[in-house]
Amino acid sequence: SGVEVAQVSDMRDRSGAVALTTSLGVVTALVALWTWRRRYGRQDQYLFLQFYKYVDPLWSEERRAAVLRWFEENCNSLGIKGRMRVAREGLNGSLCGAHRSILKLRDGLVASFPELASTDFKLVDAPIDALDRKLRVWSAASVVELGIKAEEIVEPPGQHLSAQEFHAALQDPDVVVCDIRNAYEPGVGRFETQGKFLDPGPRHFT
C-alpha cells in the first residue's frame with residue numbers, strides 16, 4: 001500500500017506540474033498577443049484624430065469645396081464620426097473611428113492634398129461609445145473662431161519662438177505674456193514669468 005500511495009502522490013505531483021505549465025503557457029500566449037497588438041496596431045481599437053492646419057496661400061473657394069467633399073465622402077465610407085471645420089485658411093478637426101479607418105483617412109488626406117503633409121496629427125485612444133456622436137463637416141470662416149476673417153489680417157505674423165527661446169523670454173522682466181487659452185486652463189497651470197502676466201479669461205477659443 002505504501003507503494004500505491006507513493007504512485008498516487010507522484011501522479012498528483014505530475015498533474016499539478018502539467019496544470020502549472022499549461023497555465024503559464026496560456027499567460028505567456030496572452031502577453032504575447034497583447035504585445036503584438038500594441039506594437040503593430042490593434043484593429044479593434046478606436047482612436048481620436050485631432051489636428052488643425054493653416055495653409056499659405058489661402059485656398060480658393062473651389063479648393064475648399066473639394067476638401068469639404070473629400071471629408072464628407074471618406075468619413076462616411078470609413079464610418080468616422082466627429083467635427084470638421086473647413087475654411088479657406090485651413091482645417092480644424094476632431095474625428096473618431098476604428099484604428100485602421102483613422103489611419104487610412106489620415107494617410108489619404110495627405111496623399112490627396114500635399115499642402116497638408118506637415119500637419120501635426122494627434123492620435124489618442126478612444127472608447128467605443130465615442131462613435132455614438134454624429135459626423136459634421138462644414139464650411140467655416142476660420143480655422144478657429146476669433147472674430148476676424150483671414151482676409152482682414154494684413155500685418156505680417158509675429159516672430160515664432162522655439163521652446164528654448166520661449167523659455168528664455170519668460171526670464172525677461174520686460175516681456176508681457178498674454179495667455180489666450182480657455183479660461184479654466186490658466187487656473188490649472190500658468191507660465192511662470194519674470195515680467196507681466198495677463199489672463200483675459202476668454203470663454204471660447206475654438
# chains A, B, ... in the order shown; residues from 1 in each chain; ligands from 1

$ closest_atom_pairs --of "range 74-111 of chain A" --to "range 115-138 of chain A" --cutoff "7 Å" --atoms "only C-alpha atoms" --output "CSV"
residue,atom,partner,partner_atom,distance
A:Lys81,CA,A:Leu135,CA,4.4
A:Gly82,CA,A:Leu135,CA,4.7
A:Arg83,CA,A:Arg136,CA,4.9
A:Met84,CA,A:Val137,CA,4.7
A:Arg85,CA,A:Trp138,CA,5.5
A:Val86,CA,A:Trp138,CA,6.1
A:Cys96,CA,A:Leu131,CA,6.5
A:Gly97,CA,A:Leu131,CA,6.6
A:Val110,CA,A:Ala117,CA,5.3

$ residues_around --residues "Pro186 in chain A" --least-positions-apart "6" --cutoff "10 Å" --atoms "only C-alpha atoms" --output "list in words"
Asp179, Ile180, Asp199 and Gly201 of chain A

$ write_last_selection --atoms "N, CA and C atoms" --output "PDB file, in the first residue's frame"
ATOM      1  N   ASP A 179      -2.030  85.113 -21.933  1.00  0.00           N
ATOM      2  CA  ASP A 179      -2.489  83.730 -22.056  1.00  0.00           C
ATOM      3  C   ASP A 179      -3.906  83.721 -22.630  1.00  0.00           C
ATOM      4  N   ILE A 180      -4.073  83.235 -23.860  1.00  0.00           N
ATOM      5  CA  ILE A 180      -5.384  83.259 -24.519  1.00  0.00           C
ATOM      6  C   ILE A 180      -6.007  81.874 -24.591  1.00  0.00           C
ATOM      7  N   ASP A 199      -4.167  87.527 -18.075  1.00  0.00           N
ATOM      8  CA  ASP A 199      -5.154  86.471 -18.306  1.00  0.00           C
ATOM      9  C   ASP A 199      -6.485  87.142 -18.634  1.00  0.00           C
ATOM     10  N   GLY A 201      -9.133  85.838 -19.725  1.00  0.00           N
ATOM     11  CA  GLY A 201     -10.251  84.983 -19.363  1.00  0.00           C
ATOM     12  C   GLY A 201     -11.209  84.675 -20.498  1.00  0.00           C
TER      13      GLY A 201
END

$ select_by_dssp --residues "range 33-133 of chain A" --states "helix (DSSP H, G or I)" --output "ChimeraX atom specification"
/A:33-40,61-78,99-112,114-116,128-132

$ write_last_selection --atoms "C-alpha atoms" --output "tab-separated table (two decimals), in the first residue's frame"
chain	number	residue	atom	x	y	z
A	33	LEU	CA	-0.86	38.65	-28.13
A	34	TRP	CA	-1.23	41.88	-26.13
A	35	THR	CA	2.33	42.92	-27.05
A	36	TRP	CA	1.75	42.19	-30.74
A	37	ARG	CA	-1.47	44.20	-30.82
A	38	ARG	CA	0.14	47.13	-29.01
A	39	ARG	CA	3.16	47.15	-31.33
A	40	TYR	CA	1.52	46.51	-34.68
A	61	GLU	CA	-13.30	78.55	-52.87
A	62	GLU	CA	-13.01	75.65	-55.33
A	63	ARG	CA	-10.16	74.06	-53.35
A	64	ARG	CA	-12.02	74.43	-50.07
A	65	ALA	CA	-15.13	72.85	-51.60
A	66	ALA	CA	-13.01	69.93	-52.83
A	67	VAL	CA	-11.54	69.40	-49.35
A	68	LEU	CA	-15.01	69.53	-47.78
A	69	ARG	CA	-16.39	66.96	-50.22
A	70	TRP	CA	-13.37	64.72	-49.62
A	71	PHE	CA	-14.05	64.64	-45.87
A	72	GLU	CA	-17.76	64.01	-46.30
A	73	GLU	CA	-17.20	61.11	-48.70
A	74	ASN	CA	-14.29	59.46	-46.88
A	75	CYS	CA	-15.60	59.88	-43.32
A	76	ASN	CA	-18.94	58.37	-44.32
A	77	SER	CA	-17.37	55.46	-46.20
A	78	LEU	CA	-14.99	54.68	-43.30
A	99	HIS	CA	-7.90	52.21	-35.69
A	100	ARG	CA	-7.48	51.14	-39.32
A	101	SER	CA	-10.06	53.64	-40.61
A	102	ILE	CA	-8.46	56.62	-38.85
A	103	LEU	CA	-5.00	55.79	-40.20
A	104	LYS	CA	-6.42	55.31	-43.70
A	105	LEU	CA	-8.16	58.70	-43.51
A	106	ARG	CA	-5.01	60.45	-42.29
A	107	ASP	CA	-2.80	58.95	-44.99
A	108	GLY	CA	-5.39	59.55	-47.70
A	109	LEU	CA	-5.76	63.20	-46.70
A	110	VAL	CA	-2.05	63.91	-47.10
A	111	ALA	CA	-1.91	61.98	-50.38
A	112	SER	CA	-4.87	63.92	-51.79
A	114	PRO	CA	0.05	67.56	-50.36
A	115	GLU	CA	-0.05	71.02	-48.76
A	116	LEU	CA	-1.19	69.26	-45.55
A	128	ILE	CA	-16.21	52.67	-28.50
A	129	ASP	CA	-19.11	54.88	-27.35
A	130	ALA	CA	-17.30	57.86	-28.88
A	131	LEU	CA	-18.77	56.67	-32.18
A	132	ASP	CA	-22.25	57.47	-30.87

$ residues_around --residues "Leu170 in chain A" --least-positions-apart "3" --cutoff "10 Å" --atoms "only C-alpha atoms" --output "NGL selection string"
:A and (165-167 or 173-177 or 191-197)

$ select_by_dssp --residues "range 25-204 of chain A" --states "strand (DSSP E or B)" --output "PyMOL selection string"
chain A and resi 46-54+81-87+90-98+122-126+135-139+176-178+196-198
